[in-house]
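Each remark here refers to the structure printed beneath this line.
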Amino acid sequence: ENYPPNQECTWLIRAPDSIIEFNFLSLDMEGYPPCYSDNLIIRDGANSLSPVLASVCGRYPPGSIHSTGDSMFLHFSSDSDVNGQGFNASFSKGCGGLVHVDRGVLTSPHYPQNYLPGLNCSWHVMVTPGFRVSVSFQNPFQIQGYGTDCSSGDYLQLRNGPDGSSPILGGRLCGSSPPSVLQTTDNHLHIRFVTDSSIEASGFKLIFEAHNEGRISCSVFDQ
Ligand SMILES: [Ca+2]
Ligand SMILES: [Ca+2]
């Protein structure tokens with residue numbers, strides 16, 4: 001089902017006393033950035049005058065989008081011809097959430113600007129059953145943790161499974177060198193990012209992808 005032409009829709013997402021994380025699960029809209037035909041504009045605030053966080057169209061979803069305050073305003077518009085299936089997305093209070101898609105980008109809030117103190121973010125990444133999740137990290141990678149196995153300060157922890165009780169994958173991650181590629185043994189990945197009360201840094205940006213015996217899952221990214 002495609003969206004109709006000349007459509008205007010707005011949504012207001014509010015999370016009192018919290019920031020908001022928004023993740024695309026699918027995207028199929030006419031155009032290429034800067035999106036002059038069909039467009040989804042995501043704003044950092046409660047109305048159509050708030051600063052723009054992202055202007056979205058095409059078939060390549062951006063990574064996770066974070067508000068700086070407690071509101072996010074979305075405005076979808078389509079022009080008079082050429083339509084797509086639209087978008088599907090999830091959002092969460094604070095940071096983290098469910099990300100059920102075969103390829104995506106996750107970041108710490110406000111990356112590459114400094115993340116916030118006192119975070120406890122959890123993501124559940126699920127790709128197509130039968131595939132594994134492969135994770136690679138981008139620069140800058142800066143997590144202010146110290147000590148053996150990042151026992152003090154901030155850390156990122158990946159787990160080989162769907163939740164916080166699954167086996168740890170690759171140990172706790174911190175410091176300023178991006179880890180090498182990590183891979184799960186099935187289609188679930190759990191990610192947790194914890195920060196303490198002081199000293200912040202850029203955080204992380206990771207790309208995850210469904211893999212099977214060296215093949216990449218068939219998706220819009222193959223086209
Ligand atoms: Ca159009
Ligand atoms: Ca810290």
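So you can find residues: chains in the structure tokens are A, B, ... in the order shown, residues in each start at 1, and ligands are numbered from 1 in order.
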| Using only C-alpha atoms and all ligand atoms, what are the residues with an atom within 10 Å of ligand 2, set out as an MDAnalysis selection string? | chainID A and resid 115:119 143:146 152:155 194:201
For the selection just defined, write its residues with N, CA and C atoms to a file, as a short mmCIF file (atom, residue, chain, number, x, y, z; two decimals), in the first residue's frame.
data_model
loop_
_atom_site.label_atom_id
_atom_site.label_comp_id
_atom_site.auth_asym_id
_atom_site.auth_seq_id
_atom_site.Cartn_x
_atom_site.Cartn_y
_atom_site.Cartn_z
N TYR A 115 27.67 12.49 25.01
CA TYR A 115 26.47 11.87 25.58
C TYR A 115 26.19 12.48 26.95
N LEU A 116 25.13 12.03 27.59
CA LEU A 116 24.72 12.59 28.88
C LEU A 116 25.20 11.70 30.03
N PRO A 117 25.33 12.29 31.24
CA PRO A 117 25.61 11.45 32.40
C PRO A 117 24.36 10.67 32.80
N GLY A 118 24.55 9.62 33.54
CA GLY A 118 23.41 8.89 34.11
C GLY A 118 22.54 8.12 33.13
N LEU A 119 23.12 7.71 32.01
CA LEU A 119 22.33 6.95 31.02
C LEU A 119 22.34 5.46 31.34
N ILE A 143 34.46 6.41 24.86
CA ILE A 143 33.65 6.09 26.03
C ILE A 143 34.53 6.19 27.25
N GLN A 144 34.14 7.07 28.18
CA GLN A 144 34.99 7.39 29.33
C GLN A 144 34.89 6.34 30.43
N GLY A 145 35.49 5.19 30.14
CA GLY A 145 35.55 4.14 31.14
C GLY A 145 36.99 3.75 31.39
N TYR A 146 37.26 3.15 32.54
CA TYR A 146 38.63 2.86 32.94
C TYR A 146 38.71 1.51 33.63
N SER A 152 35.21 0.86 35.93
CA SER A 152 34.70 2.13 36.45
C SER A 152 34.42 3.09 35.31
N GLY A 153 33.53 4.03 35.56
CA GLY A 153 33.15 4.98 34.52
C GLY A 153 32.07 4.42 33.62
N ASP A 154 32.17 4.77 32.32
CA ASP A 154 31.10 4.45 31.37
C ASP A 154 31.49 3.21 30.55
N TYR A 155 30.51 2.47 30.07
CA TYR A 155 30.83 1.32 29.22
C TYR A 155 29.68 0.96 28.29
N VAL A 194 25.92 2.31 29.49
CA VAL A 194 25.76 2.83 30.85
C VAL A 194 26.77 3.95 31.08
N THR A 195 26.31 5.09 31.60
CA THR A 195 27.24 6.17 31.92
C THR A 195 27.04 6.59 33.38
N ASP A 196 28.14 7.00 34.00
CA ASP A 196 28.06 7.41 35.41
C ASP A 196 27.77 8.91 35.51
N SER A 197 28.03 9.51 36.66
CA SER A 197 27.53 10.86 36.91
C SER A 197 28.44 11.98 36.42
N SER A 198 29.66 11.66 35.97
CA SER A 198 30.56 12.73 35.52
C SER A 198 31.44 12.28 34.36
N ILE A 199 32.00 13.24 33.65
CA ILE A 199 32.94 13.06 32.53
C ILE A 199 32.29 12.30 31.37
N GLU A 200 31.95 13.06 30.32
CA GLU A 200 31.32 12.45 29.16
C GLU A 200 32.24 12.56 27.94
N ALA A 201 31.87 11.91 26.85
CA ALA A 201 32.65 11.96 25.60
C ALA A 201 31.72 11.73 24.42
#
| message | Please find the residues contacting ligand 1 at a distance of at most 8 Å between atoms, with only C-alpha atoms and all ligand atoms counted, and report them as a ChimeraX atom specification. | response | /A:5-6,29-31,37-38,78-84
With N, CA, C and O atoms kept, could you save the residues just selected as a short mmCIF file (atom, residue, chain, number, x, y, z; two decimals), in the first residue's frame?
data_model
loop_
_atom_site.label_atom_id
_atom_site.label_comp_id
_atom_site.auth_asym_id
_atom_site.auth_seq_id
_atom_site.Cartn_x
_atom_site.Cartn_y
_atom_site.Cartn_z
N PRO A 5 -0.96 10.81 -2.72
CA PRO A 5 -0.33 12.08 -3.08
C PRO A 5 -0.91 13.22 -2.25
O PRO A 5 -2.01 13.08 -1.67
N ASN A 6 -0.20 14.31 -2.19
CA ASN A 6 -0.66 15.54 -1.52
C ASN A 6 -1.13 15.29 -0.09
O ASN A 6 -2.15 15.82 0.35
N MET A 29 10.31 6.18 0.40
CA MET A 29 9.68 7.44 0.01
C MET A 29 10.36 7.97 -1.24
O MET A 29 11.55 7.73 -1.45
N GLU A 30 9.62 8.72 -2.05
CA GLU A 30 10.20 9.31 -3.24
C GLU A 30 11.33 10.27 -2.87
O GLU A 30 11.23 10.97 -1.87
N GLY A 31 12.35 10.31 -3.71
CA GLY A 31 13.33 11.38 -3.61
C GLY A 31 14.65 11.01 -2.97
O GLY A 31 14.87 9.88 -2.53
N SER A 37 10.74 16.50 -2.93
CA SER A 37 9.41 15.99 -3.30
C SER A 37 8.66 15.52 -2.07
O SER A 37 7.90 16.27 -1.49
N ASP A 38 8.88 14.28 -1.67
CA ASP A 38 8.23 13.78 -0.46
C ASP A 38 9.23 13.91 0.70
O ASP A 38 10.43 13.80 0.48
N SER A 78 3.71 14.62 1.12
CA SER A 78 3.96 14.06 -0.21
C SER A 78 3.49 15.06 -1.26
O SER A 78 2.55 15.82 -1.02
N ASP A 79 4.16 15.04 -2.42
CA ASP A 79 3.75 15.94 -3.51
C ASP A 79 2.72 15.24 -4.41
O ASP A 79 2.16 14.22 -4.02
N SER A 80 2.53 15.75 -5.61
CA SER A 80 1.39 15.31 -6.41
C SER A 80 1.59 13.99 -7.15
O SER A 80 0.63 13.39 -7.63
N ASP A 81 2.84 13.53 -7.30
CA ASP A 81 3.02 12.25 -8.00
C ASP A 81 4.19 11.45 -7.43
O ASP A 81 4.96 11.95 -6.61
N VAL A 82 4.32 10.21 -7.85
CA VAL A 82 5.32 9.23 -7.42
C VAL A 82 5.26 9.01 -5.90
O VAL A 82 5.74 9.82 -5.11
N ASN A 83 4.66 7.89 -5.53
CA ASN A 83 4.51 7.61 -4.10
C ASN A 83 5.29 6.36 -3.71
O ASN A 83 5.69 5.58 -4.57
N GLY A 84 5.51 6.16 -2.45
CA GLY A 84 6.19 4.97 -1.94
C GLY A 84 5.35 4.35 -0.84
O GLY A 84 4.21 4.77 -0.59
#
| Nearby residues (only C-alpha atoms) at most 9 Å from Pro178 of chain A, same-chain spacing under 2 positions excluded, as a PyMOL selection string | chain A and resi 136-142+173-176+180+204
Expected file contents, prior selection, N, CA and C atoms, as a PDB file, in the first residue's frame:
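File produced: result.pdb:
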ATOM      1  N   SER A 136      29.877  -3.428  13.348  1.00  0.00           N
ATOM      2  CA  SER A 136      31.153  -2.716  13.191  1.00  0.00           C
ATOM      3  C   SER A 136      31.015  -1.301  13.731  1.00  0.00           C
ATOM      4  N   PHE A 137      32.126  -0.757  14.233  1.00  0.00           N
ATOM      5  CA  PHE A 137      32.113   0.547  14.894  1.00  0.00           C
ATOM      6  C   PHE A 137      32.796   1.611  14.049  1.00  0.00           C
ATOM      7  N   GLN A 138      32.299   2.835  14.158  1.00  0.00           N
ATOM      8  CA  GLN A 138      32.853   3.968  13.427  1.00  0.00           C
ATOM      9  C   GLN A 138      33.691   4.833  14.366  1.00  0.00           C
ATOM     10  N   ASN A 139      34.499   5.709  13.777  1.00  0.00           N
ATOM     11  CA  ASN A 139      35.197   6.753  14.523  1.00  0.00           C
ATOM     12  C   ASN A 139      34.369   8.025  14.494  1.00  0.00           C
ATOM     13  N   PRO A 140      34.382   8.886  15.512  1.00  0.00           N
ATOM     14  CA  PRO A 140      35.089   8.659  16.758  1.00  0.00           C
ATOM     15  C   PRO A 140      34.380   7.649  17.657  1.00  0.00           C
ATOM     16  N   PHE A 141      35.175   6.919  18.418  1.00  0.00           N
ATOM     17  CA  PHE A 141      34.667   6.013  19.449  1.00  0.00           C
ATOM     18  C   PHE A 141      35.309   6.478  20.742  1.00  0.00           C
ATOM     19  N   GLN A 142      34.533   7.050  21.631  1.00  0.00           N
ATOM     20  CA  GLN A 142      35.079   7.611  22.877  1.00  0.00           C
ATOM     21  C   GLN A 142      34.116   7.360  24.026  1.00  0.00           C
ATOM     22  N   LEU A 173      33.113  -2.629  26.639  1.00  0.00           N
ATOM     23  CA  LEU A 173      33.841  -1.769  25.716  1.00  0.00           C
ATOM     24  C   LEU A 173      33.907  -0.354  26.265  1.00  0.00           C
ATOM     25  N   CYS A 174      35.126   0.228  26.258  1.00  0.00           N
ATOM     26  CA  CYS A 174      35.312   1.628  26.616  1.00  0.00           C
ATOM     27  C   CYS A 174      36.618   2.096  26.017  1.00  0.00           C
ATOM     28  N   GLY A 175      37.016   3.359  26.286  1.00  0.00           N
ATOM     29  CA  GLY A 175      38.251   3.884  25.737  1.00  0.00           C
ATOM     30  C   GLY A 175      38.027   4.612  24.429  1.00  0.00           C
ATOM     31  N   SER A 176      39.104   4.735  23.636  1.00  0.00           N
ATOM     32  CA  SER A 176      38.986   5.540  22.424  1.00  0.00           C
ATOM     33  C   SER A 176      39.408   4.805  21.155  1.00  0.00           C
ATOM     34  N   SER A 180      37.031  -4.206  17.065  1.00  0.00           N
ATOM     35  CA  SER A 180      36.902  -4.849  15.763  1.00  0.00           C
ATOM     36  C   SER A 180      35.491  -5.387  15.596  1.00  0.00           C
ATOM     37  N   PHE A 204      29.500   6.437  20.822  1.00  0.00           N
ATOM     38  CA  PHE A 204      29.741   5.424  19.783  1.00  0.00           C
ATOM     39  C   PHE A 204      28.729   5.545  18.657  1.00  0.00           C
TER      40      PHE A 204
END
Name the residues in contact with Gly96 of chain A at a cut-off of 10 Å, using only C-alpha atoms, excluding same-chain residues fewer than 4 positions from it; report them as a PDB file with N, CA, C and O atoms, in the first residue's frame.
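selection38.pdb was written with the following content:
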ATOM      1  N   ILE A  20      14.069  11.543  23.809  1.00  0.00           N
ATOM      2  CA  ILE A  20      13.379  10.533  23.003  1.00  0.00           C
ATOM      3  C   ILE A  20      14.365   9.993  21.965  1.00  0.00           C
ATOM      4  O   ILE A  20      15.131  10.750  21.392  1.00  0.00           O
ATOM      5  N   GLU A  21      14.326   8.684  21.766  1.00  0.00           N
ATOM      6  CA  GLU A  21      15.096   8.089  20.665  1.00  0.00           C
ATOM      7  C   GLU A  21      14.146   7.546  19.621  1.00  0.00           C
ATOM      8  O   GLU A  21      13.173   6.865  19.940  1.00  0.00           O
ATOM      9  N   PHE A  22      14.430   7.859  18.351  1.00  0.00           N
ATOM     10  CA  PHE A  22      13.584   7.481  17.217  1.00  0.00           C
ATOM     11  C   PHE A  22      14.414   6.633  16.264  1.00  0.00           C
ATOM     12  O   PHE A  22      15.507   7.031  15.865  1.00  0.00           O
ATOM     13  N   ASN A  23      13.916   5.440  15.902  1.00  0.00           N
ATOM     14  CA  ASN A  23      14.630   4.545  14.991  1.00  0.00           C
ATOM     15  C   ASN A  23      13.740   4.116  13.835  1.00  0.00           C
ATOM     16  O   ASN A  23      12.602   3.683  14.041  1.00  0.00           O
ATOM     17  N   SER A  64      19.864   6.191  14.464  1.00  0.00           N
ATOM     18  CA  SER A  64      18.993   6.624  15.555  1.00  0.00           C
ATOM     19  C   SER A  64      19.028   8.144  15.699  1.00  0.00           C
ATOM     20  O   SER A  64      20.063   8.769  15.532  1.00  0.00           O
ATOM     21  N   PHE A  91       9.895   4.391  18.586  1.00  0.00           N
ATOM     22  CA  PHE A  91      10.536   5.399  19.424  1.00  0.00           C
ATOM     23  C   PHE A  91      10.464   4.955  20.876  1.00  0.00           C
ATOM     24  O   PHE A  91       9.615   4.158  21.258  1.00  0.00           O
ATOM     25  N   SER A  92      11.413   5.464  21.645  1.00  0.00           N
ATOM     26  CA  SER A  92      11.496   5.088  23.051  1.00  0.00           C
ATOM     27  C   SER A  92      11.759   6.304  23.911  1.00  0.00           C
ATOM     28  O   SER A  92      12.401   7.253  23.473  1.00  0.00           O
ATOM     29  N   LEU A 106      23.087   2.569  15.011  1.00  0.00           N
ATOM     30  CA  LEU A 106      22.724   3.013  16.356  1.00  0.00           C
ATOM     31  C   LEU A 106      23.839   3.888  16.890  1.00  0.00           C
ATOM     32  O   LEU A 106      25.021   3.627  16.646  1.00  0.00           O
ATOM     33  N   THR A 107      23.461   4.930  17.603  1.00  0.00           N
ATOM     34  CA  THR A 107      24.464   5.806  18.208  1.00  0.00           C
ATOM     35  C   THR A 107      24.086   6.093  19.656  1.00  0.00           C
ATOM     36  O   THR A 107      22.926   5.967  20.057  1.00  0.00           O
ATOM     37  N   SER A 108      25.083   6.547  20.407  1.00  0.00           N
ATOM     38  CA  SER A 108      24.785   7.106  21.721  1.00  0.00           C
ATOM     39  C   SER A 108      24.065   8.438  21.490  1.00  0.00           C
ATOM     40  O   SER A 108      24.232   9.062  20.433  1.00  0.00           O
ATOM     41  N   PRO A 109      23.239   8.893  22.460  1.00  0.00           N
ATOM     42  CA  PRO A 109      22.496  10.140  22.276  1.00  0.00           C
ATOM     43  C   PRO A 109      23.417  11.312  21.946  1.00  0.00           C
ATOM     44  O   PRO A 109      24.446  11.492  22.590  1.00  0.00           O
ATOM     45  N   ASN A 120      21.267   4.813  30.973  1.00  0.00           N
ATOM     46  CA  ASN A 120      21.216   3.352  31.006  1.00  0.00           C
ATOM     47  C   ASN A 120      20.334   2.939  29.831  1.00  0.00           C
ATOM     48  O   ASN A 120      19.128   2.839  29.954  1.00  0.00           O
ATOM     49  N   CYS A 121      20.953   2.779  28.665  1.00  0.00           N
ATOM     50  CA  CYS A 121      20.220   2.522  27.420  1.00  0.00           C
ATOM     51  C   CYS A 121      20.331   1.050  27.051  1.00  0.00           C
ATOM     52  O   CYS A 121      21.417   0.484  27.124  1.00  0.00           O
ATOM     53  N   SER A 122      19.223   0.449  26.632  1.00  0.00           N
ATOM     54  CA  SER A 122      19.257  -0.930  26.144  1.00  0.00           C
ATOM     55  C   SER A 122      18.568  -1.025  24.794  1.00  0.00           C
ATOM     56  O   SER A 122      17.466  -0.499  24.620  1.00  0.00           O
ATOM     57  N   TRP A 123      19.224  -1.670  23.844  1.00  0.00           N
ATOM     58  CA  TRP A 123      18.627  -1.919  22.536  1.00  0.00           C
ATOM     59  C   TRP A 123      18.517  -3.426  22.316  1.00  0.00           C
ATOM     60  O   TRP A 123      19.422  -4.176  22.684  1.00  0.00           O
ATOM     61  N   HIS A 124      17.429  -3.840  21.715  1.00  0.00           N
ATOM     62  CA  HIS A 124      17.289  -5.224  21.259  1.00  0.00           C
ATOM     63  C   HIS A 124      17.234  -5.200  19.740  1.00  0.00           C
ATOM     64  O   HIS A 124      16.265  -4.729  19.155  1.00  0.00           O
ATOM     65  N   ILE A 191      22.251  -4.727  23.346  1.00  0.00           N
ATOM     66  CA  ILE A 191      23.279  -3.704  23.549  1.00  0.00           C
ATOM     67  C   ILE A 191      22.893  -2.865  24.757  1.00  0.00           C
ATOM     68  O   ILE A 191      21.731  -2.450  24.875  1.00  0.00           O
ATOM     69  N   ARG A 192      23.858  -2.605  25.623  1.00  0.00           N
ATOM     70  CA  ARG A 192      23.586  -1.759  26.777  1.00  0.00           C
ATOM     71  C   ARG A 192      24.675  -0.703  26.886  1.00  0.00           C
ATOM     72  O   ARG A 192      25.866  -1.009  26.736  1.00  0.00           O
ATOM     73  N   PHE A 193      24.263   0.538  27.123  1.00  0.00           N
ATOM     74  CA  PHE A 193      25.203   1.644  27.278  1.00  0.00           C
ATOM     75  C   PHE A 193      24.918   2.304  28.611  1.00  0.00           C
ATOM     76  O   PHE A 193      23.811   2.777  28.861  1.00  0.00           O
TER      77      PHE A 193
END
| request: Identify all residues of segment 87-164 of chain A in strand (DSSP E or B) (DSSP on the backbone) and supply them as a VMD selection string. | output: chain A and resid 87 to 93 96 to 100 103 to 107 120 to 126 132 to 137 142 to 143 145 to 146 152 to 153 155 to 159
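Minimum atom-to-atom distances from A:Gln7, A:Thr148, A:Asn160, A:Ser71 to Arg172 of chain A were compared using only C-alpha atoms, and the lowest value belongs to A:Thr148.
Atom CA of His188 of chain A is found 11.5 Å from atom CA of Pro167 of chain A.
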| query | Neighbours of Asn47 of chain A within 9 Å (only C-alpha atoms; same-chain residues fewer than 6 positions away dropped), as a VMD selection string? | reply | chain A and resid 12 71 to 74
Selection to disk with N, CA, C and O atoms, as a JSON list (two decimals), in the first residue's frame:
[["chain", "number", "residue", "atom", "x", "y", "z"],
["A", 12, "LEU", "N", 3.17, 14.43, 17.21],
["A", 12, "LEU", "CA", 3.93, 14.98, 18.32],
["A", 12, "LEU", "C", 4.23, 13.85, 19.30],
["A", 12, "LEU", "O", 3.31, 13.17, 19.75],
["A", 71, "SER", "N", 10.36, 16.50, 23.69],
["A", 71, "SER", "CA", 9.40, 16.45, 22.58],
["A", 71, "SER", "C", 10.09, 16.26, 21.24],
["A", 71, "SER", "O", 11.22, 16.69, 21.04],
["A", 72, "MET", "N", 9.34, 15.63, 20.33],
["A", 72, "MET", "CA", 9.79, 15.48, 18.96],
["A", 72, "MET", "C", 8.56, 15.72, 18.08],
["A", 72, "MET", "O", 7.49, 15.18, 18.35],
["A", 73, "PHE", "N", 8.73, 16.56, 17.05],
["A", 73, "PHE", "CA", 7.61, 16.89, 16.17],
["A", 73, "PHE", "C", 7.93, 16.35, 14.77],
["A", 73, "PHE", "O", 8.99, 16.64, 14.22],
["A", 74, "LEU", "N", 7.00, 15.56, 14.21],
["A", 74, "LEU", "CA", 7.20, 14.95, 12.90],
["A", 74, "LEU", "C", 6.21, 15.52, 11.91],
["A", 74, "LEU", "O", 5.02, 15.69, 12.23]]
| message | Would you pick out the contacts of segment 40-46 of chain A at 10 Å or less, using only C-alpha atoms, so that residues sharing its chain but fewer than 6 positions from it are not included, and give the list as a ChimeraX atom specification? | response | /A:8-14,19-20,22,29,52-57,65-78,86-87
| said: One number please: atom CA of Asn212 of chain A to atom CA of Val105 of chain A, in Å, one decimal. | reply: 19.0 Å
| task | Choose the residue, out of A:Ser202, A:Ser151, A:Ser50, A:Asn88, that has the smallest atom-to-atom separation from Tyr111 of chain A; count only C-alpha atoms. | result | A:Ser202
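Between atom CA of Arg103 of chain A and atom CA of Gln157 of chain A lies a distance of 19.4 Å.
The nearest approach to Val125 of chain A among the residues A:Pro62, A:Pro162, A:Gly147, A:Gly94, with only C-alpha atoms taken into account, belongs to A:Pro162.
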| said: Let me make sure I understand: among A:Leu158, A:Gly130, A:Asp149, A:Leu206, which one has the smallest atom-to-atom distance to Asp186 of chain A if we use only C-alpha atoms? | reply: A:Gly130
